[in-house]
>>> print(open('start.cif').read())   # mmCIF, C-alpha atoms
data_model
#
loop_
_atom_site.group_PDB
_atom_site.id
_atom_site.type_symbol
_atom_site.label_atom_id
_atom_site.label_comp_id
_atom_site.auth_asym_id
_atom_site.auth_seq_id
_atom_site.Cartn_x
_atom_site.Cartn_y
_atom_site.Cartn_z
ATOM 1 C CA MET Z 1 -8.344 -17.379 5.796
ATOM 2 C CA ASP Z 2 -10.851 -14.500 5.566
ATOM 3 C CA LEU Z 3 -10.053 -10.774 5.607
ATOM 4 C CA TRP Z 4 -10.445 -10.496 9.371
ATOM 5 C CA GLY Z 5 -8.205 -13.490 10.023
ATOM 6 C CA ARG Z 6 -5.475 -12.199 7.708
ATOM 7 C CA LEU Z 7 -5.538 -8.747 9.257
ATOM 8 C CA ARG Z 8 -5.391 -10.135 12.794
ATOM 9 C CA GLN Z 9 -2.485 -12.350 11.831
ATOM 10 C CA GLY Z 10 -0.651 -9.575 9.981
ATOM 11 C CA LEU Z 11 -1.067 -7.100 12.836
ATOM 12 C CA ARG Z 12 -0.326 -9.549 15.650
ATOM 13 C CA ARG Z 13 3.040 -8.041 16.596
ATOM 14 C CA THR Z 14 1.722 -4.476 16.353
ATOM 15 C CA ARG Z 15 -1.344 -5.356 18.448
ATOM 16 C CA GLU Z 16 0.864 -6.913 21.119
ATOM 17 C CA GLN Z 17 2.959 -3.737 21.111
ATOM 18 C CA VAL Z 18 -0.056 -1.526 21.810
ATOM 19 C CA GLY Z 19 -2.194 -3.977 23.758
ATOM 20 C CA GLN Z 20 -0.353 -4.037 27.073
ATOM 21 C CA ALA Z 21 -0.455 -0.270 27.481
ATOM 22 C CA LEU Z 22 -4.065 -0.122 26.371
ATOM 23 C CA GLU Z 23 -5.121 -2.827 28.838
ATOM 24 C CA SER Z 24 -3.556 -0.951 31.754
ATOM 25 C CA VAL Z 25 -5.489 2.182 30.782
ATOM 26 C CA LEU Z 26 -8.754 0.292 30.381
ATOM 27 C CA ARG Z 27 -8.459 -1.190 33.860
ATOM 28 C CA GLY Z 28 -8.678 2.337 35.232
ATOM 29 C CA GLY Z 29 -11.936 3.036 33.375
ATOM 30 C CA GLY Z 30 -12.899 6.270 31.614
ATOM 31 C CA ALA Z 31 -10.433 8.608 29.911
ATOM 32 C CA PRO Z 32 -6.738 8.011 30.676
ATOM 33 C CA ASP Z 33 -4.991 10.040 33.356
ATOM 34 C CA ALA Z 34 -1.660 11.727 32.563
ATOM 35 C CA GLU Z 35 0.465 8.693 33.452
ATOM 36 C CA SER Z 36 -1.716 6.226 31.545
ATOM 37 C CA ARG Z 37 -1.886 8.555 28.559
ATOM 38 C CA GLN Z 38 1.899 8.704 28.474
ATOM 39 C CA ARG Z 39 2.175 4.886 28.484
ATOM 40 C CA LEU Z 40 -0.323 4.679 25.655
ATOM 41 C CA GLU Z 41 1.530 7.356 23.687
ATOM 42 C CA GLU Z 42 4.814 5.500 24.118
ATOM 43 C CA ALA Z 43 3.300 2.213 22.946
ATOM 44 C CA LEU Z 44 1.806 3.878 19.869
ATOM 45 C CA LEU Z 45 5.123 5.576 19.109
ATOM 46 C CA GLN Z 46 6.916 2.227 19.350
ATOM 47 C CA ALA Z 47 4.382 0.895 16.848
ATOM 48 C CA ASP Z 48 5.494 3.775 14.558
ATOM 49 C CA VAL Z 49 2.229 5.684 14.538
ATOM 50 C CA GLY Z 50 4.356 8.864 14.678
ATOM 51 C CA PRO Z 51 4.248 11.804 17.150
ATOM 52 C CA ALA Z 52 1.785 14.072 15.334
ATOM 53 C CA THR Z 53 -0.606 11.229 14.535
ATOM 54 C CA VAL Z 54 -0.412 9.796 18.073
ATOM 55 C CA GLU Z 55 -1.380 13.155 19.543
ATOM 56 C CA ARG Z 56 -4.262 13.618 17.107
ATOM 57 C CA LEU Z 57 -5.515 10.043 17.518
ATOM 58 C CA ILE Z 58 -5.681 10.190 21.327
ATOM 59 C CA ALA Z 59 -7.132 13.709 21.405
ATOM 60 C CA LEU Z 60 -9.896 12.783 18.967
ATOM 61 C CA ALA Z 61 -10.613 9.545 20.844
ATOM 62 C CA GLU Z 62 -10.905 11.452 24.132
ATOM 63 C CA ALA Z 63 -13.261 13.964 22.517
ATOM 64 C CA ARG Z 64 -15.348 11.075 21.189
ATOM 65 C CA MET Z 65 -15.581 9.607 24.706
ATOM 66 C CA ARG Z 66 -16.761 12.930 26.109
ATOM 67 C CA GLY Z 67 -19.545 12.945 23.530
ATOM 68 C CA ALA Z 68 -20.573 9.348 24.230
ATOM 69 C CA ARG Z 69 -20.169 8.426 27.900
ATOM 70 C CA ALA Z 70 -20.804 4.713 27.289
ATOM 71 C CA LEU Z 71 -17.812 4.467 24.950
ATOM 72 C CA ASP Z 72 -14.582 3.035 26.355
ATOM 73 C CA LEU Z 73 -11.119 4.016 25.177
ATOM 74 C CA ARG Z 74 -10.586 0.936 22.995
ATOM 75 C CA ALA Z 75 -13.785 1.560 21.023
ATOM 76 C CA ALA Z 76 -13.012 5.275 20.775
ATOM 77 C CA LEU Z 77 -9.535 4.558 19.406
ATOM 78 C CA GLU Z 78 -10.921 2.036 16.914
ATOM 79 C CA GLN Z 79 -13.595 4.405 15.629
ATOM 80 C CA THR Z 80 -11.200 7.346 15.438
ATOM 81 C CA ALA Z 81 -8.519 5.330 13.634
ATOM 82 C CA ALA Z 82 -11.081 4.017 11.139
ATOM 83 C CA GLU Z 83 -12.149 7.585 10.333
ATOM 84 C CA MET Z 84 -8.538 8.678 9.861
ATOM 85 C CA LEU Z 85 -7.941 5.776 7.477
ATOM 86 C CA ALA Z 86 -11.113 6.215 5.404
ATOM 87 C CA LEU Z 87 -9.758 8.586 2.758
ATOM 88 C CA PRO Z 88 -11.513 9.175 -0.574
ATOM 89 C CA GLY Z 89 -9.954 8.134 -3.849
ATOM 90 C CA PRO Z 90 -10.474 5.944 -6.914
ATOM 91 C CA PRO Z 91 -10.709 2.187 -6.376
ATOM 92 C CA LEU Z 92 -7.958 -0.142 -7.513
ATOM 93 C CA GLU Z 93 -10.180 -1.504 -10.259
ATOM 94 C CA PRO Z 94 -10.292 -1.135 -14.073
ATOM 95 C CA GLY Z 95 -12.981 0.886 -15.790
ATOM 96 C CA PRO Z 96 -15.751 -0.582 -17.969
ATOM 97 C CA ALA Z 97 -14.803 -3.193 -20.553
ATOM 98 C CA GLY Z 98 -14.218 -1.948 -24.080
ATOM 99 C CA THR Z 99 -12.568 1.342 -23.060
ATOM 100 C CA GLY Z 100 -9.022 0.222 -23.858
ATOM 101 C CA PRO Z 101 -6.349 -1.044 -21.512
ATOM 102 C CA TRP Z 102 -6.411 0.146 -17.902
ATOM 103 C CA VAL Z 103 -2.810 0.867 -16.917
ATOM 104 C CA LEU Z 104 -1.563 0.413 -13.359
ATOM 105 C CA LEU Z 105 1.955 1.595 -12.541
ATOM 106 C CA LEU Z 106 3.652 0.030 -9.501
ATOM 107 C CA ILE Z 107 6.407 2.211 -8.053
ATOM 108 C CA GLY Z 108 8.600 2.199 -4.937
ATOM 109 C CA VAL Z 109 12.093 1.673 -3.585
ATOM 110 C CA ASN Z 110 14.203 -1.468 -3.874
ATOM 111 C CA GLY Z 111 12.924 -4.329 -1.769
ATOM 112 C CA SER Z 112 9.451 -2.960 -1.110
ATOM 113 C CA GLY Z 113 7.811 -5.950 -2.814
ATOM 114 C CA LYS Z 114 6.570 -4.411 -6.077
ATOM 115 C CA THR Z 115 7.226 -7.431 -8.271
ATOM 116 C CA THR Z 116 5.560 -9.825 -5.843
ATOM 117 C CA LEU Z 117 2.541 -7.541 -5.549
ATOM 118 C CA ALA Z 118 2.346 -7.176 -9.330
ATOM 119 C CA GLY Z 119 2.040 -10.952 -9.600
ATOM 120 C CA LYS Z 120 -0.623 -11.116 -6.894
ATOM 121 C CA LEU Z 121 -2.703 -8.382 -8.532
ATOM 122 C CA ALA Z 122 -2.312 -9.994 -11.948
ATOM 123 C CA ALA Z 123 -3.755 -13.225 -10.563
ATOM 124 C CA HIS Z 124 -6.604 -11.252 -8.968
ATOM 125 C CA PHE Z 125 -7.617 -9.578 -12.229
ATOM 126 C CA ALA Z 126 -7.176 -12.781 -14.241
ATOM 127 C CA ARG Z 127 -9.577 -14.552 -11.879
ATOM 128 C CA GLN Z 128 -12.117 -11.843 -12.653
ATOM 129 C CA GLY Z 129 -11.906 -12.931 -16.289
ATOM 130 C CA ARG Z 130 -9.957 -9.856 -17.406
ATOM 131 C CA ARG Z 131 -7.225 -10.315 -19.995
ATOM 132 C CA THR Z 132 -4.161 -9.136 -18.101
ATOM 133 C CA LEU Z 133 -0.607 -8.269 -19.145
ATOM 134 C CA LEU Z 134 2.468 -7.802 -16.952
ATOM 135 C CA VAL Z 135 5.168 -5.439 -18.235
ATOM 136 C CA ALA Z 136 8.683 -5.950 -16.848
ATOM 137 C CA ALA Z 137 9.965 -2.364 -16.825
ATOM 138 C CA ASP Z 138 12.577 -3.172 -14.176
ATOM 139 C CA THR Z 139 15.595 -3.509 -16.458
ATOM 140 C CA PHE Z 140 18.228 -2.845 -13.776
ATOM 141 C CA ARG Z 141 17.846 -5.466 -11.082
ATOM 142 C CA ALA Z 142 19.452 -8.782 -11.906
ATOM 143 C CA ALA Z 143 16.893 -11.490 -12.706
ATOM 144 C CA ALA Z 144 13.964 -9.080 -12.286
ATOM 145 C CA PRO Z 145 12.343 -10.095 -15.622
ATOM 146 C CA GLU Z 146 12.749 -13.766 -14.721
ATOM 147 C CA GLN Z 147 11.108 -13.173 -11.354
ATOM 148 C CA LEU Z 148 8.167 -11.422 -12.985
ATOM 149 C CA GLU Z 149 7.944 -14.140 -15.615
ATOM 150 C CA ALA Z 150 7.603 -16.717 -12.829
ATOM 151 C CA TRP Z 151 4.792 -14.670 -11.290
ATOM 152 C CA ALA Z 152 3.110 -14.336 -14.692
ATOM 153 C CA ALA Z 153 3.141 -18.129 -15.044
ATOM 154 C CA ARG Z 154 1.634 -18.560 -11.565
ATOM 155 C CA ALA Z 155 -1.026 -15.960 -12.292
ATOM 156 C CA GLY Z 156 -1.776 -17.379 -15.754
ATOM 157 C CA VAL Z 157 -1.194 -14.094 -17.595
ATOM 158 C CA GLU Z 158 1.011 -12.827 -20.415
ATOM 159 C CA MET Z 159 4.190 -10.795 -19.957
ATOM 160 C CA VAL Z 160 6.254 -8.368 -22.016
ATOM 161 C CA GLY Z 161 9.886 -7.930 -21.018
ATOM 162 C CA ALA Z 162 13.244 -6.833 -22.393
ATOM 163 C CA ARG Z 163 16.944 -7.443 -22.028
ATOM 164 C CA ALA Z 164 18.758 -6.114 -18.973
ATOM 165 C CA GLY Z 165 19.879 -2.527 -19.454
ATOM 166 C CA SER Z 166 17.084 -1.623 -21.887
ATOM 167 C CA ASP Z 167 15.387 1.740 -21.584
ATOM 168 C CA PRO Z 168 12.414 1.217 -19.207
ATOM 169 C CA ALA Z 169 10.285 3.742 -21.104
ATOM 170 C CA ALA Z 170 10.890 1.808 -24.330
ATOM 171 C CA VAL Z 171 9.811 -1.422 -22.626
ATOM 172 C CA VAL Z 172 6.619 0.257 -21.423
ATOM 173 C CA HIS Z 173 6.033 1.577 -24.963
ATOM 174 C CA ASP Z 174 6.320 -1.942 -26.395
ATOM 175 C CA GLY Z 175 4.121 -3.375 -23.649
ATOM 176 C CA LEU Z 176 1.307 -0.905 -24.221
ATOM 177 C CA GLU Z 177 1.466 -1.354 -28.003
ATOM 178 C CA ALA Z 178 1.162 -5.108 -27.450
ATOM 179 C CA ALA Z 179 -1.734 -4.593 -25.048
ATOM 180 C CA LYS Z 180 -3.661 -2.523 -27.560
ATOM 181 C CA ALA Z 181 -3.019 -5.038 -30.348
ATOM 182 C CA ARG Z 182 -4.138 -7.983 -28.179
ATOM 183 C CA GLY Z 183 -7.236 -6.380 -26.706
ATOM 184 C CA THR Z 184 -5.788 -6.505 -23.208
ATOM 185 C CA GLU Z 185 -7.995 -5.068 -20.460
ATOM 186 C CA VAL Z 186 -5.465 -4.665 -17.633
ATOM 187 C CA VAL Z 187 -1.777 -3.732 -17.878
ATOM 188 C CA LEU Z 188 0.383 -3.893 -14.750
ATOM 189 C CA VAL Z 189 3.743 -2.149 -15.135
ATOM 190 C CA ASP Z 190 6.418 -3.304 -12.690
ATOM 191 C CA THR Z 191 8.964 -0.475 -12.529
ATOM 192 C CA ALA Z 192 12.492 -0.680 -11.178
ATOM 193 C CA GLY Z 193 13.019 -0.058 -7.505
ATOM 194 C CA ARG Z 194 14.664 3.306 -7.079
ATOM 195 C CA LEU Z 195 15.900 5.289 -4.135
ATOM 196 C CA HIS Z 196 13.759 8.371 -3.697
ATOM 197 C CA THR Z 197 16.953 10.436 -3.326
ATOM 198 C CA ARG Z 198 18.260 9.517 -6.805
ATOM 199 C CA HIS Z 199 16.932 12.370 -8.921
ATOM 200 C CA ASN Z 200 17.956 10.862 -12.255
ATOM 201 C CA LEU Z 201 15.939 7.732 -11.528
ATOM 202 C CA MET Z 202 12.953 9.774 -10.404
ATOM 203 C CA ALA Z 203 13.169 11.702 -13.693
ATOM 204 C CA GLU Z 204 13.140 8.363 -15.503
ATOM 205 C CA LEU Z 205 9.923 7.506 -13.679
ATOM 206 C CA GLU Z 206 8.385 10.734 -14.944
ATOM 207 C CA LYS Z 207 9.354 9.684 -18.482
ATOM 208 C CA VAL Z 208 7.618 6.314 -18.041
ATOM 209 C CA GLY Z 209 4.471 8.165 -16.983
ATOM 210 C CA ARG Z 210 4.618 10.401 -20.072
ATOM 211 C CA VAL Z 211 5.019 7.409 -22.381
ATOM 212 C CA CYS Z 212 1.933 5.795 -20.833
ATOM 213 C CA GLY Z 213 -0.092 8.942 -21.500
ATOM 214 C CA ARG Z 214 1.020 9.210 -25.123
ATOM 215 C CA LEU Z 215 -0.026 5.658 -25.970
ATOM 216 C CA VAL Z 216 -3.190 5.263 -23.882
ATOM 217 C CA PRO Z 217 -5.379 8.276 -23.120
ATOM 218 C CA GLY Z 218 -5.439 9.024 -19.406
ATOM 219 C CA ALA Z 219 -2.718 6.504 -18.566
ATOM 220 C CA PRO Z 220 -1.366 5.645 -16.118
ATOM 221 C CA HIS Z 221 -4.876 5.351 -14.723
ATOM 222 C CA HIS Z 222 -3.630 4.322 -11.290
ATOM 223 C CA VAL Z 223 -0.195 4.833 -9.727
ATOM 224 C CA LEU Z 224 0.286 2.508 -6.770
ATOM 225 C CA LEU Z 225 3.173 3.379 -4.470
ATOM 226 C CA VAL Z 226 4.380 0.225 -2.692
ATOM 227 C CA LEU Z 227 5.805 0.794 0.790
ATOM 228 C CA ASP Z 228 7.556 -1.547 3.219
ATOM 229 C CA ALA Z 229 5.974 -1.522 6.693
ATOM 230 C CA THR Z 230 9.177 -2.751 8.323
ATOM 231 C CA ILE Z 231 10.957 0.587 7.727
ATOM 232 C CA GLY Z 232 8.344 2.510 9.683
ATOM 233 C CA GLN Z 233 8.491 6.305 9.527
ATOM 234 C CA ASN Z 234 11.071 6.261 6.710
ATOM 235 C CA SER Z 235 8.239 5.309 4.371
ATOM 236 C CA LEU Z 236 6.745 8.783 4.856
ATOM 237 C CA ALA Z 237 9.831 10.452 3.391
ATOM 238 C CA GLN Z 238 9.814 7.988 0.497
ATOM 239 C CA ALA Z 239 6.184 8.677 -0.295
ATOM 240 C CA ARG Z 240 6.667 12.446 -0.281
ATOM 241 C CA GLU Z 241 9.575 12.242 -2.751
ATOM 242 C CA PHE Z 242 7.782 9.861 -5.108
ATOM 243 C CA GLY Z 243 4.781 12.184 -5.032
ATOM 244 C CA ARG Z 244 6.983 14.983 -6.375
ATOM 245 C CA ALA Z 245 7.968 12.873 -9.397
ATOM 246 C CA ILE Z 246 4.585 11.415 -10.327
ATOM 247 C CA ALA Z 247 0.999 11.767 -9.146
ATOM 248 C CA VAL Z 248 0.479 8.877 -6.717
ATOM 249 C CA THR Z 249 -3.102 7.585 -6.681
ATOM 250 C CA SER Z 250 -2.962 5.245 -3.703
ATOM 251 C CA LEU Z 251 -0.661 3.181 -1.529
ATOM 252 C CA ALA Z 252 0.106 -0.462 -0.862
ATOM 253 C CA VAL Z 253 1.798 -1.400 2.417
ATOM 254 C CA ASN Z 254 3.723 -4.687 2.342
ATOM 255 C CA LYS Z 255 5.335 -6.936 4.976
ATOM 256 C CA LEU Z 256 2.877 -6.188 7.763
ATOM 257 C CA ASP Z 257 3.303 -9.770 8.917
ATOM 258 C CA GLY Z 258 6.973 -9.220 9.745
ATOM 259 C CA THR Z 259 6.878 -6.117 11.908
ATOM 260 C CA ALA Z 260 5.546 -4.523 15.088
ATOM 261 C CA ARG Z 261 5.487 -1.215 13.199
ATOM 262 C CA GLY Z 262 2.044 -1.647 11.664
ATOM 263 C CA GLY Z 263 0.983 1.632 13.221
ATOM 264 C CA VAL Z 264 2.831 3.363 10.393
ATOM 265 C CA VAL Z 265 -0.263 2.703 8.274
ATOM 266 C CA LEU Z 266 -2.112 5.219 10.450
ATOM 267 C CA ALA Z 267 0.716 7.740 10.148
ATOM 268 C CA ILE Z 268 0.827 7.340 6.368
ATOM 269 C CA ALA Z 269 -2.894 7.990 5.966
ATOM 270 C CA ASP Z 270 -2.915 10.874 8.434
ATOM 271 C CA GLN Z 271 0.209 12.664 7.240
ATOM 272 C CA LEU Z 272 0.048 12.045 3.476
ATOM 273 C CA ARG Z 273 -3.729 12.058 2.981
ATOM 274 C CA LEU Z 274 -3.393 9.280 0.414
ATOM 275 C CA PRO Z 275 -5.770 6.308 0.484
ATOM 276 C CA ILE Z 276 -4.355 2.873 1.211
ATOM 277 C CA ARG Z 277 -5.721 0.208 -1.110
ATOM 278 C CA VAL Z 278 -3.659 -2.945 -0.458
ATOM 279 C CA LEU Z 279 -1.965 -4.622 2.495
ATOM 280 C CA GLY Z 280 0.611 -7.339 1.903
ATOM 281 C CA THR Z 281 0.599 -10.062 4.552
ATOM 282 C CA GLY Z 282 2.993 -12.694 3.185
ATOM 283 C CA GLU Z 283 4.740 -14.166 0.154
ATOM 284 C CA GLY Z 284 1.974 -16.408 -1.198
ATOM 285 C CA LEU Z 285 -0.198 -15.634 -4.215
ATOM 286 C CA ASP Z 286 -3.164 -14.844 -1.965
ATOM 287 C CA ASP Z 287 -1.252 -13.220 0.909
ATOM 288 C CA TRP Z 288 -2.738 -9.756 0.515
ATOM 289 C CA VAL Z 289 -5.999 -8.013 1.335
ATOM 290 C CA SER Z 290 -7.896 -5.033 0.014
ATOM 291 C CA PHE Z 291 -7.627 -2.363 2.666
ATOM 292 C CA GLU Z 292 -10.678 -1.936 4.906
ATOM 293 C CA PRO Z 293 -10.326 0.929 7.450
ATOM 294 C CA VAL Z 294 -12.781 -0.456 10.020
ATOM 295 C CA ALA Z 295 -11.292 -3.954 9.929
ATOM 296 C CA PHE Z 296 -7.745 -2.603 10.170
ATOM 297 C CA ALA Z 297 -8.560 -0.400 13.175
ATOM 298 C CA ARG Z 298 -10.304 -3.286 14.911
ATOM 299 C CA ALA Z 299 -7.385 -5.658 14.243
ATOM 300 C CA MET Z 300 -4.937 -3.110 15.634
ATOM 301 C CA PHE Z 301 -6.744 -2.300 18.880
ATOM 302 C CA GLU Z 302 -8.732 -5.483 19.585
#
>>> encode(input="start.cif", output="structure tokens")
Amino acid sequence: MDLWGRLRQGLRRTREQVGQALESVLRGGGAPDAESRQRLEEALLQADVGPATVERLIALAEARMRGARALDLRAALEQTAAEMLALPGPPLEPGPAGTGPWVLLLIGVNGSGKTTLAGKLAAHFARQGRRTLLVAADTFRAAAPEQLEAWAARAGVEMVGARAGSDPAAVVHDGLEAAKARGTEVVLVDTAGRLHTRHNLMAELEKVGRVCGRLVPGAPHHVLLVLDATIGQNSLAQAREFGRAIAVTSLAVNKLDGTARGGVVLAIADQLRLPIRVLGTGEGLDDWVSFEPVAFARAMFE
């Protein structure tokens, strides 16, 4: 399935949530009246776009329609949403070959899908011909190293792990030393899921970041915060707290296929001003897409 097909499938429940209200507004033609606007606002709120973002999205779409009379509300919403989602930031790609290992840190709360995404990304980089290493820095969750080892086997990459209860920073240290010795190009560090309210665990995450920087200049080169779309607006609070512990580079939003709350992607981009780089759309090795703002907006409002 191509990018468009995966996005349409992943956003099906969200699109159905918004679509009925949008269709009733479109039947009236032109900009929505007060009653139609309220129905549209309610549908967007139910899709977890969030109050502030809903207001800004509709206001900007209405302004766009005033500037281009031939534009209908659906097209105006699509174009406005795409602009809101198109935030600058570094790509989720390693630098030039021969510059040492490129280190990607995956962070997030328990159950957000970090380990699964680590395996998917490892397979992606391995297919590009890059020597890739997975580091199992989740030493708390039962069977976490075994789960990552299974993903490493599926992706055809190497893995460095440790016994349960080991110091995560020490595991990362060993993984990066191994990467340098082996000439590894890409290192993906799967950290333990941690509640953003547990300050001791957030401090541990800071320590992992410092260890990366001591062993590889500039590391971690990319910090990917993995969020769960099914929790909606709660992901905003998570992202803010993680951002206080470590500099987040970009976001991944998982489990879009299992929720009608896909509008939270808009809220995340608008409120946090962090670029989204990955969308998870299922459990398979290829069930993810690189984030494309125009395609996402079209799939949401089509």
>>> resolve_selection(input="start.cif", expression="the PyMOL selection byres ((chain Z and resi 67-75) around 10)", output="list in words")
Gly19, Leu22, Glu23, Val25, Leu26, Gly29, Gly30, Ala31, Pro32, Ile58, Ala61, Glu62, Ala63, Arg64, Met65, Arg66, Ala76, Leu77, Glu78, Gln79, Thr80, Ala81, Ala297, Arg298, Phe301 and Glu302 of chain Z
>>> closest_residue(input="start.cif", among="Z:Val223, Z:Ala192, Z:Ala295, Z:Val265", to="Gly89 of chain Z", atoms="all atoms listed in the file")
Z:Val223
>>> closest_residue(input="start.cif", among="Z:Asp190, Z:Glu146, Z:Asp138, Z:Asp48", to="Leu106 of chain Z", atoms="only C-alpha atoms")
Z:Asp190
>>> resolve_selection(input="start.cif", expression="the PyMOL selection byres ((chain Z and resi 44) around 12)", output="ChimeraX atom specification")
/Z:14-22,37-43,45-58,77,260-267,300-301
>>> resolve_selection(input="start.cif", expression="the PyMOL selection byres ((chain Z and resi 277) around 7)", output="compact mmCIF listing (two decimals) with C-alpha atoms, in the coordinates of the input")
# COMPACT_ATOMS: atom_id res chain seq x y z
CA LEU Z 92 -7.96 -0.14 -7.51
CA SER Z 250 -2.96 5.24 -3.70
CA LEU Z 251 -0.66 3.18 -1.53
CA ALA Z 252 0.11 -0.46 -0.86
CA PRO Z 275 -5.77 6.31 0.48
CA ILE Z 276 -4.36 2.87 1.21
CA VAL Z 278 -3.66 -2.94 -0.46
CA SER Z 290 -7.90 -5.03 0.01
CA PHE Z 291 -7.63 -2.36 2.67
>>> residues_around(input="start.cif", residues="segment 116-133 of chain Z", least_positions_apart="6", cutoff="10 Å", atoms="all atoms listed in the file", output="number ranges by chain")
Z: 92-94, 97, 101-106, 147-160, 175-176, 178-179, 182-191, 226, 252, 254, 278-280, 282-288
>>> atom_distance(input="start.cif", atom1="atom CA of Asn234 of chain Z", atom2="atom CA of Ala269 of chain Z")
14.1 Å
>>> closest_residue(input="start.cif", among="Z:Glu241, Z:Glu83, Z:Asp257, Z:Glu204", to="Ala137 of chain Z", atoms="only C-alpha atoms")
Z:Glu204
>>> atom_distance(input="start.cif", atom1="atom CA of Leu7 of chain Z", atom2="atom CA of Ala82 of chain Z")
14.0 Å
